[in-house]
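Engineer: Shown below is the structure under consideration.
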Amino acid sequence: MRDDNLARRVLKGDRRAVSMAITKVENRDEGAAQLMESIGKKTGNAFILGITGPPGTGKSTLVDKLISEYRKTKKMKVGVVAVDPTSPITGGALLGDRIRMVKHTLDAGVFIRSMASRGWAGGLSGAVSEVIQIMDASGIDVIIIETVGIGQSDIEIMNIAHAVMVVTMPGLGDEIQVSKGGLMEIGDVYVVNKSDLPGADGMVINLLGMVHDMKGRSPPVLKVSALTSEGIDTLFSSVEGLRKKLQSPEGKAMRLRSAKGMILELAKRRLIDELEDRAESRTSSLVEMVANHELSYEEAASRLVKG
Ligand SMILES: Nc1nc2c(ncn2[C@@H]2O[C@H](COP(=O)(O)OP(=O)(O)O)[C@@H](O)[C@H]2O)c(=O)[nH]1
Ligand SMILES: [Mg+2]
């Protein structure tokens, strides 16, 4: 298919075209940049919600619930980008996400895409910002990005979102504490999922203490169970509140935040790609010079960065 034709079909909301466009940018096929150029300016309608938190807390199960709510009560189109560090150890994480959302895959108003995060699975590139732009341009109303909140890069992806939900569960202590610098600062709403298990109230109190530490902000902490649906309606109202805020004058800050996140994400990836290309062709001479004491490590690095 010709690229301008593909862009046109994406803008019309053609699902197959959306899928092809995403594959094209993920593989960095020829024409990917051109494609992004033609659709990039047609974005800005979707609400981008980031969902993060330690593995196994029930993020995907909650995403599944949110999809149902949006489809049922608002008839809105929903897109999901599940970013997961697929490694030989965590193995079927992506598969698990797919299974949890499987009932929506036949719904034409739902578009689910899983991708591996950078650094895993042979250095597959994220391309998250492009995927979101493509979904947005295709007329999807709500785009949910799910990442595992363990690494710095997973948390950085959340900067692309207009609003962020942090998911925890009873029994988590260290996992939250360790990433306090990240997880405890980025949430607009905190969720203690699995309220059907013991210890949920304690976890809520814990979290309230942590998030209230932060200057001026006191994001809500909600107790829910994706299993029994307890508290899901309150959670949905809270998410809807954030979506409506985006559309209000107050939403400007959310838009700017997301735009900054998108630009930085793209720029970082581009810089790293360029650096890797350059390293490929230039390091051997630099290494030689450093080894011969003709050049310091610092100077070699500077030369590599300058190109
Ligand atoms: N008891 C209980 N289990 C849940 C709940 N929500 C999710 N789970 C289970 O927790 C496991 C991990 O869920 P998943 O959504 O894949 O977590 P993720 O890694 O955060 O995406 C699965 O076995 C779910 O069925 C809940 O509210 N209560
Ligand atoms: Mg998941």
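FYI, nothing fancy with the structure tokens labels: chains A, B, ... in order, residues from 1 per chain, ligands from 1 as they appear.
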Write out as a ChimeraX atom specification all residues of stretch 9-194 of chain A that backbone DSSP assigns to strand (DSSP E).
Structural biologist: /A:47-53,78-84,110-116,142-148,163-168,189-192
Engineer: Produce a table with one row for each residue of chain A that has an atom at most 6 Å from any atom of ligand 1, each row naming the nearest atom pair and its distance in Å at one decimal; use only C-alpha atoms and all ligand atoms; arrange rows by chain and rising residue number; format as a tab-separated table.
Structural biologist:
```
residue	atom	partner	partner_atom_place_in_ligand_line	distance
A:Pro55	CA	ligand 1	19 (O)	4.0
A:Gly56	CA	ligand 1	19 (O)	3.5
A:Thr57	CA	ligand 1	20 (O)	4.0
A:Gly58	CA	ligand 1	17 (O)	3.2
A:Lys59	CA	ligand 1	20 (O)	3.6
A:Ser60	CA	ligand 1	15 (O)	3.7
A:Thr61	CA	ligand 1	15 (O)	3.8
A:Asp97	CA	ligand 1	16 (O)	5.9
A:Asn193	CA	ligand 1	27 (O)	5.3
A:Lys194	CA	ligand 1	27 (O)	3.4
A:Asp196	CA	ligand 1	28 (N)	5.7
A:Leu197	CA	ligand 1	1 (N)	6.0
A:Ser225	CA	ligand 1	27 (O)	3.5
A:Ala226	CA	ligand 1	27 (O)	3.7
A:Leu227	CA	ligand 1	27 (O)	4.0
```
Engineer: With C-alpha atoms retained, write the just-selected residues as a PDB file, in the first residue's frame.
Structural biologist:
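Resulting contents of out.pdb:
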```pdb
ATOM      1  CA  PRO A  55       4.110  -6.620  38.275  1.00  0.00           C
ATOM      2  CA  GLY A  56       1.157  -8.761  39.312  1.00  0.00           C
ATOM      3  CA  THR A  57      -0.820  -5.982  41.006  1.00  0.00           C
ATOM      4  CA  GLY A  58      -3.651  -6.391  38.491  1.00  0.00           C
ATOM      5  CA  LYS A  59      -2.989  -3.562  36.049  1.00  0.00           C
ATOM      6  CA  SER A  60      -4.095  -5.521  32.986  1.00  0.00           C
ATOM      7  CA  THR A  61      -7.189  -6.785  34.792  1.00  0.00           C
ATOM      8  CA  ASP A  97      -2.035  -9.291  29.130  1.00  0.00           C
ATOM      9  CA  ASN A 193      -6.287  -3.395  43.979  1.00  0.00           C
ATOM     10  CA  LYS A 194      -7.231  -6.851  45.306  1.00  0.00           C
ATOM     11  CA  ASP A 196     -10.748  -8.991  48.394  1.00  0.00           C
ATOM     12  CA  LEU A 197      -7.422 -10.026  49.960  1.00  0.00           C
ATOM     13  CA  SER A 225     -11.045  -5.266  43.485  1.00  0.00           C
ATOM     14  CA  ALA A 226     -10.830  -6.029  39.802  1.00  0.00           C
ATOM     15  CA  LEU A 227     -11.962  -9.529  40.730  1.00  0.00           C
TER      16      LEU A 227
END
```
Engineer: What's the 8 Å shell around A:Ile157, counting only C-alpha atoms, without same-chain residues fewer than 4 positions away, as number ranges by chain?
Structural biologist: A: 128, 147, 153, 161, 261, 265
Engineer: Can you spit out the residues from that selection as a PDB file, in the first residue's frame, using C-alpha atoms?
Structural biologist:
```
ATOM      1  CA  VAL A 128       5.425   4.147  22.175  1.00  0.00           C
ATOM      2  CA  THR A 147       3.871  -0.270  31.860  1.00  0.00           C
ATOM      3  CA  SER A 153      12.394   3.891  31.653  1.00  0.00           C
ATOM      4  CA  ALA A 161       0.341  10.439  29.522  1.00  0.00           C
ATOM      5  CA  GLY A 261       7.015  13.704  27.293  1.00  0.00           C
ATOM      6  CA  GLU A 265      10.825  10.280  24.232  1.00  0.00           C
TER       7      GLU A 265
END
```
Engineer: Just how far from atom CA of A:Gly53 is atom CA of A:Leu264, in Å to one decimal?
Structural biologist: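 Atom-to-atom, atom CA of A:Leu264 to atom CA of A:Gly53, that is 22.1 Å.
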Engineer: Looking at A:Gly171, A:Gly209, A:Gly139, A:Gly241, which one is nearest to A:Leu11, with distances taken over only C-alpha atoms?
Structural biologist: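 Among the listed residues, the smallest separation from A:Leu11 belongs to A:Gly139.
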Engineer: If you count only C-alpha atoms, which residues fall within 10 Å of A:Leu207, apart from same-chain ones fewer than 4 positions away, as a PDB file with all heavy atoms, in the first residue's frame?
Structural biologist:
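The resulting file, out-v5.pdb, is shown below:
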```pdb
ATOM      1  N   THR A 168      -1.281  -0.654  43.122  1.00  0.00           N
ATOM      2  CA  THR A 168      -0.570  -1.463  44.111  1.00  0.00           C
ATOM      3  C   THR A 168      -1.540  -2.523  44.617  1.00  0.00           C
ATOM      4  O   THR A 168      -2.678  -2.601  44.153  1.00  0.00           O
ATOM      5  CB  THR A 168      -0.125  -0.606  45.310  1.00  0.00           C
ATOM      6  OG1 THR A 168      -1.295  -0.151  45.987  1.00  0.00           O
ATOM      7  CG2 THR A 168       0.690   0.587  44.879  1.00  0.00           C
ATOM      8  N   GLY A 173       5.268  -3.740  50.139  1.00  0.00           N
ATOM      9  CA  GLY A 173       5.870  -2.750  51.000  1.00  0.00           C
ATOM     10  C   GLY A 173       7.110  -2.230  50.321  1.00  0.00           C
ATOM     11  O   GLY A 173       7.131  -1.130  49.781  1.00  0.00           O
ATOM     12  N   ILE A 176       7.097  -0.764  46.735  1.00  0.00           N
ATOM     13  CA  ILE A 176       6.647   0.610  46.599  1.00  0.00           C
ATOM     14  C   ILE A 176       7.710   1.551  47.137  1.00  0.00           C
ATOM     15  O   ILE A 176       8.057   2.550  46.533  1.00  0.00           O
ATOM     16  CB  ILE A 176       5.348   0.824  47.431  1.00  0.00           C
ATOM     17  CG1 ILE A 176       4.271  -0.127  46.958  1.00  0.00           C
ATOM     18  CG2 ILE A 176       4.890   2.256  47.352  1.00  0.00           C
ATOM     19  CD1 ILE A 176       3.771   0.170  45.584  1.00  0.00           C
ATOM     20  N   GLN A 177       8.229   1.177  48.307  1.00  0.00           N
ATOM     21  CA  GLN A 177       9.209   2.007  48.994  1.00  0.00           C
ATOM     22  C   GLN A 177      10.442   2.225  48.123  1.00  0.00           C
ATOM     23  O   GLN A 177      10.917   3.338  47.978  1.00  0.00           O
ATOM     24  CB  GLN A 177       9.607   1.302  50.296  1.00  0.00           C
ATOM     25  CG  GLN A 177      10.020   2.233  51.400  1.00  0.00           C
ATOM     26  CD  GLN A 177       8.928   3.208  51.789  1.00  0.00           C
ATOM     27  OE1 GLN A 177       7.787   2.826  51.967  1.00  0.00           O
ATOM     28  NE2 GLN A 177       9.280   4.475  51.886  1.00  0.00           N
ATOM     29  N   MET A 184       5.786   7.044  43.718  1.00  0.00           N
ATOM     30  CA  MET A 184       5.015   7.829  44.677  1.00  0.00           C
ATOM     31  C   MET A 184       4.861   9.282  44.252  1.00  0.00           C
ATOM     32  O   MET A 184       4.162  10.045  44.890  1.00  0.00           O
ATOM     33  CB  MET A 184       5.636   7.745  46.076  1.00  0.00           C
ATOM     34  CG  MET A 184       5.395   6.415  46.753  1.00  0.00           C
ATOM     35  SD  MET A 184       3.633   6.007  46.858  1.00  0.00           S
ATOM     36  CE  MET A 184       3.542   4.582  45.800  1.00  0.00           C
ATOM     37  N   TYR A 190      -4.167   6.853  42.957  1.00  0.00           N
ATOM     38  CA  TYR A 190      -3.519   5.632  43.450  1.00  0.00           C
ATOM     39  C   TYR A 190      -4.584   4.573  43.721  1.00  0.00           C
ATOM     40  O   TYR A 190      -5.649   4.891  44.255  1.00  0.00           O
ATOM     41  CB  TYR A 190      -2.716   5.926  44.722  1.00  0.00           C
ATOM     42  CG  TYR A 190      -1.449   6.667  44.388  1.00  0.00           C
ATOM     43  CD1 TYR A 190      -1.467   8.043  44.171  1.00  0.00           C
ATOM     44  CD2 TYR A 190      -0.248   5.994  44.222  1.00  0.00           C
ATOM     45  CE1 TYR A 190      -0.331   8.730  43.808  1.00  0.00           C
ATOM     46  CE2 TYR A 190       0.907   6.670  43.863  1.00  0.00           C
ATOM     47  CZ  TYR A 190       0.859   8.033  43.658  1.00  0.00           C
ATOM     48  OH  TYR A 190       1.997   8.698  43.282  1.00  0.00           O
ATOM     49  N   VAL A 191      -4.271   3.336  43.334  1.00  0.00           N
ATOM     50  CA  VAL A 191      -5.239   2.259  43.485  1.00  0.00           C
ATOM     51  C   VAL A 191      -4.634   1.141  44.316  1.00  0.00           C
ATOM     52  O   VAL A 191      -3.524   0.684  44.038  1.00  0.00           O
ATOM     53  CB  VAL A 191      -5.623   1.698  42.091  1.00  0.00           C
ATOM     54  CG1 VAL A 191      -6.514   0.476  42.232  1.00  0.00           C
ATOM     55  CG2 VAL A 191      -6.308   2.767  41.256  1.00  0.00           C
ATOM     56  N   VAL A 192      -5.360   0.736  45.358  1.00  0.00           N
ATOM     57  CA  VAL A 192      -4.991  -0.494  46.051  1.00  0.00           C
ATOM     58  C   VAL A 192      -5.955  -1.552  45.513  1.00  0.00           C
ATOM     59  O   VAL A 192      -7.128  -1.588  45.873  1.00  0.00           O
ATOM     60  CB  VAL A 192      -5.128  -0.363  47.580  1.00  0.00           C
ATOM     61  CG1 VAL A 192      -4.841  -1.714  48.253  1.00  0.00           C
ATOM     62  CG2 VAL A 192      -4.182   0.703  48.112  1.00  0.00           C
ATOM     63  N   ASP A 201      -6.866  -2.434  53.738  1.00  0.00           N
ATOM     64  CA  ASP A 201      -7.038  -1.174  54.475  1.00  0.00           C
ATOM     65  C   ASP A 201      -5.691  -0.635  54.953  1.00  0.00           C
ATOM     66  O   ASP A 201      -5.428   0.566  54.872  1.00  0.00           O
ATOM     67  CB  ASP A 201      -7.984  -1.373  55.672  1.00  0.00           C
ATOM     68  CG  ASP A 201      -9.427  -1.575  55.211  1.00  0.00           C
ATOM     69  OD1 ASP A 201      -9.825  -0.884  54.251  1.00  0.00           O
ATOM     70  OD2 ASP A 201     -10.127  -2.433  55.783  1.00  0.00           O
ATOM     71  N   GLY A 202      -4.858  -1.550  55.444  1.00  0.00           N
ATOM     72  CA  GLY A 202      -3.526  -1.154  55.900  1.00  0.00           C
ATOM     73  C   GLY A 202      -2.729  -0.523  54.767  1.00  0.00           C
ATOM     74  O   GLY A 202      -2.026   0.475  54.953  1.00  0.00           O
ATOM     75  N   MET A 203      -2.853  -1.121  53.595  1.00  0.00           N
ATOM     76  CA  MET A 203      -2.124  -0.617  52.424  1.00  0.00           C
ATOM     77  C   MET A 203      -2.612   0.784  52.048  1.00  0.00           C
ATOM     78  O   MET A 203      -1.815   1.647  51.672  1.00  0.00           O
ATOM     79  CB  MET A 203      -2.340  -1.594  51.258  1.00  0.00           C
ATOM     80  CG  MET A 203      -1.426  -1.358  50.085  1.00  0.00           C
ATOM     81  SD  MET A 203       0.302  -1.657  50.524  1.00  0.00           S
ATOM     82  CE  MET A 203       1.104  -0.764  49.204  1.00  0.00           C
ATOM     83  N   VAL A 211       1.734   9.407  49.882  1.00  0.00           N
ATOM     84  CA  VAL A 211       1.419  10.409  48.864  1.00  0.00           C
ATOM     85  C   VAL A 211       1.127  11.773  49.486  1.00  0.00           C
ATOM     86  O   VAL A 211       1.286  12.782  48.835  1.00  0.00           O
ATOM     87  CB  VAL A 211       0.262   9.984  47.914  1.00  0.00           C
ATOM     88  CG1 VAL A 211       0.620   8.733  47.148  1.00  0.00           C
ATOM     89  CG2 VAL A 211      -1.038   9.804  48.664  1.00  0.00           C
ATOM     90  N   HIS A 212       0.740  11.781  50.757  1.00  0.00           N
ATOM     91  CA  HIS A 212       0.481  13.078  51.397  1.00  0.00           C
ATOM     92  C   HIS A 212       1.765  13.770  51.818  1.00  0.00           C
ATOM     93  O   HIS A 212       1.745  14.924  52.184  1.00  0.00           O
ATOM     94  CB  HIS A 212      -0.473  12.916  52.587  1.00  0.00           C
ATOM     95  CG  HIS A 212      -1.883  12.811  52.130  1.00  0.00           C
ATOM     96  ND1 HIS A 212      -2.745  13.881  52.111  1.00  0.00           N
ATOM     97  CD2 HIS A 212      -2.587  11.770  51.621  1.00  0.00           C
ATOM     98  CE1 HIS A 212      -3.916  13.500  51.622  1.00  0.00           C
ATOM     99  NE2 HIS A 212      -3.839  12.214  51.321  1.00  0.00           N
ATOM    100  N   ASP A 213       2.868  13.021  51.740  1.00  0.00           N
ATOM    101  CA  ASP A 213       4.159  13.631  52.015  1.00  0.00           C
ATOM    102  C   ASP A 213       4.488  14.716  51.007  1.00  0.00           C
ATOM    103  O   ASP A 213       5.239  15.623  51.265  1.00  0.00           O
ATOM    104  CB  ASP A 213       5.279  12.569  51.914  1.00  0.00           C
ATOM    105  CG  ASP A 213       5.416  11.825  53.222  1.00  0.00           C
ATOM    106  OD1 ASP A 213       4.812  12.283  54.200  1.00  0.00           O
ATOM    107  OD2 ASP A 213       6.124  10.802  53.240  1.00  0.00           O
ATOM    108  N   PRO A 220      -6.089  11.024  45.211  1.00  0.00           N
ATOM    109  CA  PRO A 220      -6.920  10.037  45.882  1.00  0.00           C
ATOM    110  C   PRO A 220      -6.279   8.654  45.902  1.00  0.00           C
ATOM    111  O   PRO A 220      -5.523   8.297  45.005  1.00  0.00           O
ATOM    112  CB  PRO A 220      -8.199  10.012  45.042  1.00  0.00           C
ATOM    113  CG  PRO A 220      -7.834  10.594  43.731  1.00  0.00           C
ATOM    114  CD  PRO A 220      -6.696  11.525  43.970  1.00  0.00           C
ATOM    115  N   VAL A 221      -6.567   7.932  46.985  1.00  0.00           N
ATOM    116  CA  VAL A 221      -6.139   6.531  47.092  1.00  0.00           C
ATOM    117  C   VAL A 221      -7.416   5.693  47.140  1.00  0.00           C
ATOM    118  O   VAL A 221      -8.221   5.852  48.061  1.00  0.00           O
ATOM    119  CB  VAL A 221      -5.303   6.298  48.368  1.00  0.00           C
ATOM    120  CG1 VAL A 221      -4.927   4.824  48.491  1.00  0.00           C
ATOM    121  CG2 VAL A 221      -4.043   7.156  48.365  1.00  0.00           C
ATOM    122  N   LEU A 222      -7.626   4.859  46.154  1.00  0.00           N
ATOM    123  CA  LEU A 222      -8.883   4.117  46.055  1.00  0.00           C
ATOM    124  C   LEU A 222      -8.665   2.624  46.274  1.00  0.00           C
ATOM    125  O   LEU A 222      -7.696   2.047  45.775  1.00  0.00           O
ATOM    126  CB  LEU A 222      -9.515   4.333  44.679  1.00  0.00           C
ATOM    127  CG  LEU A 222      -9.718   5.787  44.246  1.00  0.00           C
ATOM    128  CD1 LEU A 222     -10.258   5.847  42.820  1.00  0.00           C
ATOM    129  CD2 LEU A 222     -10.662   6.498  45.207  1.00  0.00           C
TER     130      LEU A 222
END
```
